[in-house]
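Asks: coords_18.txt (compact mmCIF, C-alpha atoms) pasted underneath:
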# COMPACT_ATOMS: atom_id res chain seq x y z
CA MET A 1384 -14.23 8.96 56.84
CA THR A 1385 -10.96 10.45 55.76
CA ASP A 1386 -9.54 7.06 54.81
CA ALA A 1387 -12.69 6.16 52.88
CA ALA A 1388 -12.62 9.45 50.97
CA THR A 1389 -8.94 9.00 50.18
CA GLU A 1390 -9.54 5.47 48.94
CA LYS A 1391 -12.44 6.63 46.80
CA GLY A 1392 -10.29 9.39 45.36
CA MET A 1393 -7.56 6.92 44.48
CA ASP A 1394 -10.11 4.68 42.75
CA ASN A 1395 -11.28 7.63 40.66
CA VAL A 1396 -7.71 8.47 39.66
CA ILE A 1397 -7.03 4.86 38.66
CA SER A 1398 -10.29 4.71 36.71
CA ARG A 1399 -9.46 7.87 34.80
CA PHE A 1400 -5.92 6.62 34.15
CA PHE A 1401 -7.19 3.48 32.41
CA ALA A 1402 -10.27 5.09 30.82
CA VAL A 1403 -8.41 6.87 28.01
CA PRO A 1404 -6.29 3.93 26.76
CA GLY A 1405 -9.29 1.63 27.21
CA ALA A 1406 -11.47 3.88 25.07
CA LEU A 1407 -8.73 4.14 22.43
CA PHE A 1408 -8.34 0.37 22.35
CA LEU A 1409 -12.09 -0.18 21.96
CA ARG A 1410 -12.24 2.40 19.18
CA TRP A 1411 -9.28 0.74 17.45
CA ALA A 1412 -10.87 -2.72 17.77
CA ASP A 1413 -14.15 -1.37 16.40
CA ALA A 1414 -12.39 0.21 13.40
CA LEU A 1415 -10.45 -2.99 12.76
CA GLY A 1416 -13.64 -5.05 12.76
CA GLU A 1417 -15.38 -2.62 10.43
CA THR A 1418 -12.39 -2.67 8.08
CA PHE A 1419 -12.46 -6.46 7.96
CA LEU A 1420 -16.18 -6.50 7.14
CA PHE A 1421 -15.53 -3.82 4.50
CA LEU A 1422 -12.88 -6.07 2.95
CA VAL A 1423 -15.18 -9.10 2.94
CA GLU A 1424 -18.01 -7.17 1.31
CA GLY A 1425 -15.70 -5.64 -1.30
CA LEU A 1426 -14.34 -9.07 -2.25
CA ARG A 1427 -17.86 -10.52 -2.35
CA GLN A 1428 -18.95 -7.80 -4.76
CA LEU A 1429 -16.20 -8.91 -7.15
CA PHE A 1430 -18.22 -12.06 -7.80
CA VAL A 1431 -21.78 -10.69 -7.75
CA MET A 1432 -21.46 -7.24 -9.32
CA ARG A 1433 -22.61 -7.13 -12.94
CA LYS A 1434 -20.80 -5.29 -15.74
CA LEU A 1435 -17.64 -5.10 -13.66
CA PHE A 1436 -15.13 -5.46 -16.50
CA ARG A 1437 -15.35 -1.89 -17.83
CA LYS A 1438 -15.08 -0.42 -14.36
CA VAL A 1439 -12.00 -2.55 -13.64
CA VAL A 1440 -10.36 -1.48 -16.92
CA ARG A 1441 -11.05 2.19 -16.11
CA GLN A 1442 -9.51 1.84 -12.67
CA LEU A 1443 -6.63 -0.19 -14.08
CA TYR A 1444 -5.86 2.70 -16.40
CA PHE A 1445 -6.03 5.20 -13.54
CA ILE A 1446 -4.05 3.18 -10.99
CA GLY A 1447 -1.68 1.39 -13.35
CA ALA A 1448 -1.12 3.14 -16.66
CA ARG A 1449 -1.10 6.67 -15.24
CA SER A 1450 1.41 5.61 -12.58
CA PHE A 1451 3.83 4.18 -15.13
CA PHE A 1452 5.95 7.31 -15.60
CA VAL A 1453 6.53 7.98 -11.91
CA ILE A 1454 7.29 4.30 -11.24
CA ALA A 1455 9.75 4.18 -14.16
CA LEU A 1456 11.47 7.39 -13.02
CA ILE A 1457 11.77 6.29 -9.38
CA GLY A 1458 12.89 2.81 -10.46
CA LEU A 1459 15.61 4.20 -12.70
CA PHE A 1460 17.14 6.47 -10.08
CA THR A 1461 16.73 3.88 -7.32
CA GLY A 1462 18.71 1.40 -9.42
CA MET A 1463 21.35 4.01 -10.20
CA VAL A 1464 21.77 4.87 -6.51
CA LEU A 1465 22.00 1.17 -5.61
CA GLY A 1466 24.63 0.67 -8.29
CA LEU A 1467 26.64 3.64 -7.05
CA GLN A 1468 26.44 2.75 -3.35
CA GLY A 1469 26.91 -0.96 -3.99
CA TYR A 1470 30.02 -0.37 -6.05
CA TYR A 1471 31.79 1.66 -3.37
CA VAL A 1472 30.88 -0.91 -0.72
CA LEU A 1473 31.86 -3.98 -2.73
CA VAL A 1474 35.09 -2.49 -4.06
CA LYS A 1475 36.42 -2.38 -0.47
CA PHE A 1476 36.13 -6.17 -0.33
CA GLY A 1477 37.24 -6.86 -3.89
CA SER A 1478 33.77 -8.18 -4.79
CA VAL A 1479 32.66 -5.78 -7.52
CA GLY A 1480 31.58 -8.78 -9.61
CA PHE A 1481 28.66 -9.24 -7.22
CA LEU A 1482 27.23 -5.81 -8.03
CA GLY A 1483 24.54 -7.23 -10.34
CA ALA A 1484 23.44 -9.73 -7.70
CA ALA A 1485 23.31 -7.05 -4.99
CA VAL A 1486 21.28 -4.62 -7.07
CA SER A 1487 18.85 -7.18 -8.45
CA LEU A 1488 18.15 -8.97 -5.16
CA THR A 1489 17.71 -5.72 -3.25
CA LEU A 1490 15.22 -4.49 -5.82
CA ILE A 1491 13.30 -7.70 -6.41
CA ARG A 1492 12.95 -8.80 -2.80
CA GLU A 1493 12.57 -5.48 -1.03
CA LEU A 1494 12.75 -2.04 -2.59
CA ALA A 1495 10.63 -2.49 -5.70
CA PRO A 1496 7.44 -3.74 -3.97
CA VAL A 1497 7.72 -1.24 -1.11
CA LEU A 1498 8.57 1.87 -3.17
CA THR A 1499 5.98 0.96 -5.80
CA ALA A 1500 3.29 0.67 -3.14
CA ILE A 1501 4.26 3.94 -1.48
CA MET A 1502 4.38 5.84 -4.78
CA ILE A 1503 1.00 4.49 -5.91
CA THR A 1504 -0.43 5.37 -2.52
CA GLY A 1505 0.67 8.96 -2.95
CA ARG A 1506 -0.53 9.24 -6.55
CA ALA A 1507 -3.59 7.00 -6.86
CA GLY A 1508 -4.49 6.02 -3.30
CA SER A 1509 -5.04 9.60 -2.20
CA ALA A 1510 -7.23 10.17 -5.24
CA MET A 1511 -9.29 7.07 -4.40
CA ALA A 1512 -9.97 8.31 -0.89
CA ALA A 1513 -10.75 11.87 -2.04
CA GLU A 1514 -13.05 10.82 -4.88
CA ILE A 1515 -15.07 8.37 -2.81
CA GLY A 1516 -15.12 10.81 0.11
CA VAL A 1517 -16.57 13.59 -2.05
CA MET A 1518 -19.19 11.19 -3.38
CA ARG A 1519 -20.07 10.28 0.20
CA ILE A 1520 -20.48 13.81 1.58
CA THR A 1521 -22.49 14.90 -1.49
CA ASP A 1522 -24.90 11.95 -1.06
CA GLN A 1523 -23.98 10.38 -4.38
CA ILE A 1524 -23.38 6.99 -2.74
CA ASP A 1525 -26.80 7.21 -1.08
CA ALA A 1526 -28.27 7.98 -4.51
CA LEU A 1527 -26.65 4.83 -5.89
CA GLU A 1528 -28.19 2.77 -3.11
CA VAL A 1529 -31.60 4.30 -3.80
CA MET A 1530 -31.26 3.22 -7.45
CA ASP A 1531 -30.45 -0.32 -6.23
CA ILE A 1532 -26.79 0.00 -7.29
CA PRO A 1533 -24.53 -1.26 -4.48
CA GLY A 1534 -21.95 1.38 -3.64
CA MET A 1535 -19.43 -1.28 -2.64
CA GLY A 1536 -19.78 -3.03 -5.98
CA TYR A 1537 -19.79 0.14 -8.06
CA LEU A 1538 -16.97 2.01 -6.32
CA VAL A 1539 -14.88 -0.36 -4.20
CA ALA A 1540 -14.78 -3.76 -5.94
CA PRO A 1541 -13.31 -2.40 -9.23
CA ARG A 1542 -10.56 -0.66 -7.29
CA PHE A 1543 -9.77 -3.85 -5.41
CA ALA A 1544 -9.47 -5.83 -8.64
CA ALA A 1545 -7.47 -3.13 -10.44
CA SER A 1546 -5.02 -2.82 -7.53
CA LEU A 1547 -4.42 -6.57 -7.43
CA ILE A 1548 -3.56 -6.45 -11.13
CA ALA A 1549 -1.66 -3.17 -11.30
CA PHE A 1550 0.62 -3.51 -8.28
CA PRO A 1551 2.46 -6.69 -9.46
CA LEU A 1552 2.80 -5.32 -12.99
CA LEU A 1553 4.22 -2.01 -11.83
CA THR A 1554 6.52 -3.84 -9.42
CA ALA A 1555 7.88 -5.89 -12.31
CA ILE A 1556 8.45 -2.70 -14.32
CA PHE A 1557 10.25 -1.18 -11.34
CA ASP A 1558 12.47 -4.28 -11.12
CA VAL A 1559 13.49 -4.19 -14.77
CA ILE A 1560 14.12 -0.45 -14.96
CA GLY A 1561 15.91 -0.47 -11.59
CA ILE A 1562 18.27 -3.23 -12.70
CA PHE A 1563 18.91 -1.26 -15.90
CA GLY A 1564 19.66 1.83 -13.76
CA GLY A 1565 22.20 -0.20 -11.77
CA TYR A 1566 23.74 -1.31 -15.07
CA LEU A 1567 24.04 2.32 -16.22
CA THR A 1568 25.87 3.34 -13.07
CA GLY A 1569 27.97 0.24 -12.51
CA VAL A 1570 28.94 -0.70 -16.04
CA THR A 1571 28.68 2.53 -18.04
CA LEU A 1572 29.94 5.02 -15.46
CA LEU A 1573 32.13 3.00 -13.08
CA GLY A 1574 33.57 0.43 -15.49
CA VAL A 1575 32.26 -2.82 -13.98
CA ASN A 1576 32.45 -5.71 -16.44
CA ALA A 1577 29.10 -6.04 -18.21
CA GLY A 1578 29.30 -9.83 -18.35
CA ALA A 1579 29.98 -10.06 -14.63
CA TYR A 1580 27.01 -7.79 -13.90
CA ILE A 1581 24.62 -9.88 -16.01
CA HIS A 1582 26.04 -13.18 -14.75
CA GLY A 1583 25.57 -12.02 -11.16
CA ILE A 1584 21.88 -11.47 -11.86
CA GLU A 1585 21.42 -14.80 -13.64
CA SER A 1586 23.19 -16.81 -10.96
CA SER A 1587 21.71 -15.17 -7.88
CA VAL A 1588 18.07 -14.40 -8.69
CA LEU A 1589 15.92 -17.49 -8.14
CA MET A 1590 12.21 -18.08 -8.47
CA PRO A 1591 11.57 -17.80 -4.68
CA ASP A 1592 13.08 -14.30 -4.80
CA VAL A 1593 10.73 -13.27 -7.61
CA ALA A 1594 7.79 -14.94 -5.86
CA GLU A 1595 8.49 -13.01 -2.65
CA GLY A 1596 8.41 -9.71 -4.51
CA PHE A 1597 5.11 -10.54 -6.20
CA VAL A 1598 3.52 -11.81 -2.99
CA LYS A 1599 4.47 -8.54 -1.33
CA SER A 1600 3.04 -6.52 -4.20
CA LEU A 1601 -0.29 -8.38 -3.97
CA VAL A 1602 -0.48 -7.84 -0.21
CA PHE A 1603 0.43 -4.17 -0.56
CA GLY A 1604 -2.08 -3.68 -3.36
CA MET A 1605 -4.88 -5.12 -1.27
CA LEU A 1606 -3.88 -3.07 1.77
CA VAL A 1607 -3.65 0.23 -0.10
CA ALA A 1608 -6.96 -0.27 -1.92
CA LEU A 1609 -8.70 -1.38 1.27
CA ILE A 1610 -7.46 1.47 3.46
CA CYS A 1611 -7.95 4.23 0.90
CA CYS A 1612 -11.44 3.07 -0.10
CA TYR A 1613 -12.44 2.56 3.53
CA GLN A 1614 -11.31 6.04 4.57
CA GLY A 1615 -13.14 7.68 1.69
CA TYR A 1616 -16.28 5.57 2.04
CA ASN A 1617 -16.59 6.46 5.73
CA ALA A 1618 -15.51 10.10 5.51
CA HIS A 1619 -18.94 11.25 6.74
CA ARG A 1620 -18.41 9.40 10.04
CA ARG A 1621 -15.18 11.11 11.01
CA ARG A 1622 -15.00 12.94 14.32
CA ASP A 1623 -12.34 15.44 13.29
CA GLY A 1624 -14.32 17.36 10.71
CA MET A 1625 -17.34 17.63 8.45
CA GLY A 1626 -17.83 18.17 4.75
CA PRO A 1627 -14.69 19.11 2.80
CA GLU A 1628 -12.61 19.04 5.97
CA ALA A 1629 -13.64 15.42 6.56
CA VAL A 1630 -12.59 14.51 3.01
CA ALA A 1631 -9.22 16.21 3.47
CA ASN A 1632 -8.63 14.43 6.78
CA ALA A 1633 -9.77 11.10 5.32
CA THR A 1634 -7.33 11.50 2.41
CA THR A 1635 -4.47 12.33 4.77
CA SER A 1636 -5.32 9.37 7.01
CA ALA A 1637 -5.52 7.06 3.99
CA VAL A 1638 -2.01 7.95 2.80
CA VAL A 1639 -0.40 7.83 6.25
CA ILE A 1640 -2.07 4.60 7.37
CA SER A 1641 -1.37 2.93 4.02
CA CYS A 1642 2.34 3.75 4.14
CA VAL A 1643 2.65 2.53 7.72
CA CYS A 1644 0.74 -0.68 6.97
CA VAL A 1645 2.89 -1.32 3.89
CA LEU A 1646 6.06 -1.17 5.99
CA VAL A 1647 4.57 -3.36 8.73
CA ALA A 1648 3.29 -5.88 6.19
CA ASP A 1649 6.70 -5.86 4.51
CA TYR A 1650 8.31 -7.05 7.74
CA VAL A 1651 5.61 -9.67 8.36
CA VAL A 1652 5.76 -11.13 4.84
CA THR A 1653 9.56 -11.10 4.82
CA SER A 1654 9.66 -12.93 8.15
CA ALA A 1655 7.14 -15.50 6.96
CA MET A 1656 8.86 -16.19 3.62
CA LEU A 1657 12.40 -16.40 4.99
CA ARG A 1658 11.52 -19.31 7.27
Would you mind writing the file's structure down as structure tokens?

Replies:
Amino acid sequence: MTDAATEKGMDNVISRFFAVPGALFLRWADALGETFLFLVEGLRQLFVMRKLFRKVVRQLYFIGARSFFVIALIGLFTGMVLGLQGYYVLVKFGSVGFLGAAVSLTLIRELAPVLTAIMITGRAGSAMAAEIGVMRITDQIDALEVMDIPGMGYLVAPRFAASLIAFPLLTAIFDVIGIFGGYLTGVTLLGVNAGAYIHGIESSVLMPDVAEGFVKSLVFGMLVALICCYQGYNAHRRRDGMGPEAVANATTSAVVISCVCVLVADYVVTSAMLR
């Protein structure tokens, strides 16, 4: 009897040990499946929703135009820092003439898409999640459904389309202003030859480099719009709060998850395109 009781106790301990990670995995798999279905429905609404153009333009203004100043400011100082750091690294090897190539390739292939996505997540993505979350907890989305207006088409699809347009454009702006910032530091302040800086850009930046940056910006735009809209749209189903607290937690989750997914996707896309 003692051996049987001991064995039963060990089985209970083992069951409890695997119960928590098992439950977390099932919850994660369920959320992943729901997110995928959310993405499919949002993309479907792009083709069936009527009068979508005005909504897309409004979201394009909010996500894109209103993010221009912060993207330009971050791009300028990022380029200036790259020019400063690159100069003091390259001068040790007598390769200051490659400063333009180093700054431009670093921005175009890596920093511009990632920093643009993170900055838009903080400025516009959080607002997406909060706005949709407030509409959810105040039953405005249910009211849309009652009036036979699909909430996914009215709220989510325009944000998907606007993000896919705005992210590449803002990434391109970041590239140009960042390269100009590197020029200011390297040429104007540190005395690098202007012709060498420009020639380094012309000779080193190829179309695959530009394509990689734009592919990343499209992937990041879709990820940020999907995660932020999903968190706001399902704020009423959260387990960590209700009402305004649920909206606050959904907004926080949207920003954190988006930033993490951007960095993970950056590695995945880079690995795929370097092969």

Asks: Set the distance at 12 Å and use all atoms listed in the file: which residues neighbour stretch 1472-1474 of chain A once local chain neighbours fewer than 5 positions away are removed? I'd like the list as a tab-separated table (two decimals) with C-alpha atoms, in the coordinates of the input.

Replies:
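Once written, around08.tsv looks like this:
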chain	number	residue	atom	x	y	z
A	1465	LEU	CA	22.00	1.17	-5.61
A	1466	GLY	CA	24.63	0.67	-8.29
A	1467	LEU	CA	26.64	3.64	-7.05
A	1479	VAL	CA	32.66	-5.78	-7.52
A	1480	GLY	CA	31.58	-8.78	-9.61
A	1481	PHE	CA	28.66	-9.24	-7.22
A	1482	LEU	CA	27.23	-5.81	-8.03
A	1483	GLY	CA	24.54	-7.23	-10.34
A	1484	ALA	CA	23.44	-9.73	-7.70
A	1485	ALA	CA	23.31	-7.05	-4.99
A	1486	VAL	CA	21.28	-4.62	-7.07
A	1569	GLY	CA	27.97	0.24	-12.51
A	1573	LEU	CA	32.13	3.00	-13.08
A	1574	GLY	CA	33.57	0.43	-15.49
A	1575	VAL	CA	32.26	-2.82	-13.98

Asks: Would you mind telling me which residue in A:Asn1617, A:Thr1571, A:Ser1600, A:Ser1654 lies nearest to A:Ile1520 when using all atoms listed in the file?

Replies: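 Once distances to A:Ile1520 are computed over all atoms listed in the file, the minimum belongs to A:Asn1617.
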
Asks: Counting all atoms listed in the file, which residues sit no farther than 9 Å from the position (17.7, -2.0, -12.1) in the file's frame? I'd like them as a VMD selection string.

Replies: chain A and resid 1458 to 1463 1465 to 1466 1483 1486 to 1487 1490 1557 to 1567

Asks: At a cut-off of 6 Å, using all atoms listed in the file, what residues contact A:Ala1618? Leave out same-chain residues fewer than 4 positions from it and give the result as a list of chain:residue names.

Replies: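 That gives A:Gly1516, A:Gln1614, A:Ala1629, A:Val1630, A:Ala1633.
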
Asks: Write out as a list in words each polymer residue whose atoms come within 12 Å of A:Ser1636, counting all atoms listed in the file; drop sequence neighbours fewer than 3 positions from it.

Replies: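 Residues meeting the cut-off are Thr1504, Gly1505, Gly1508, Ser1509, Ala1512, Ala1513, Val1607, Ile1610, Cys1611, Cys1612, Tyr1613, Gln1614, Gly1615, Asn1617, Ala1618, Arg1621, Asp1623, Ala1629, Val1630, Ala1631, Asn1632, Ala1633, Val1639, Ile1640, Ser1641, Cys1642, Val1643 and Cys1644 of chain A.
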
Asks: I want to know what sits within 8 Å of stretch 1445-1447 of chain A, based on only C-alpha atoms, with residues of the same chain fewer than 3 positions away left out; could you give that as a ChimeraX atom specification?

Replies: /A:1441-1442,1450-1451,1503,1507,1545-1546,1549-1550,1553

Asks: Can you work out the spacing between atom CA of A:Phe1421 and atom CA of A:Asp1522 in Å, to one decimal?

Replies: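 Between these atoms lies a distance of 19.2 Å.
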
Asks: Could you please determine the separation between atom CA of A:Val1539 and atom CA of A:Arg1492 in Å, to one decimal place?

Replies: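 Interatomic distance, atom CA of A:Val1539 to atom CA of A:Arg1492: 29.1 Å.
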
Asks: Please identify all polymer residues within 10 Å of A:Val1497, counting all atoms listed in the file, omitting same-chain residues fewer than 3 positions from it, and present them as a PyMOL selection string.

Replies: chain A and resi 1490+1492-1494+1500-1502+1554+1596+1599-1600+1603+1642+1645-1646+1648-1649

Asks: Counting all atoms listed in the file, which of A:Ile1532, A:Met1518, A:Leu1456, A:Val1651 gets nearest to A:Val1431?

Replies: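 For A:Val1431, the nearest of the given residues is A:Ile1532.
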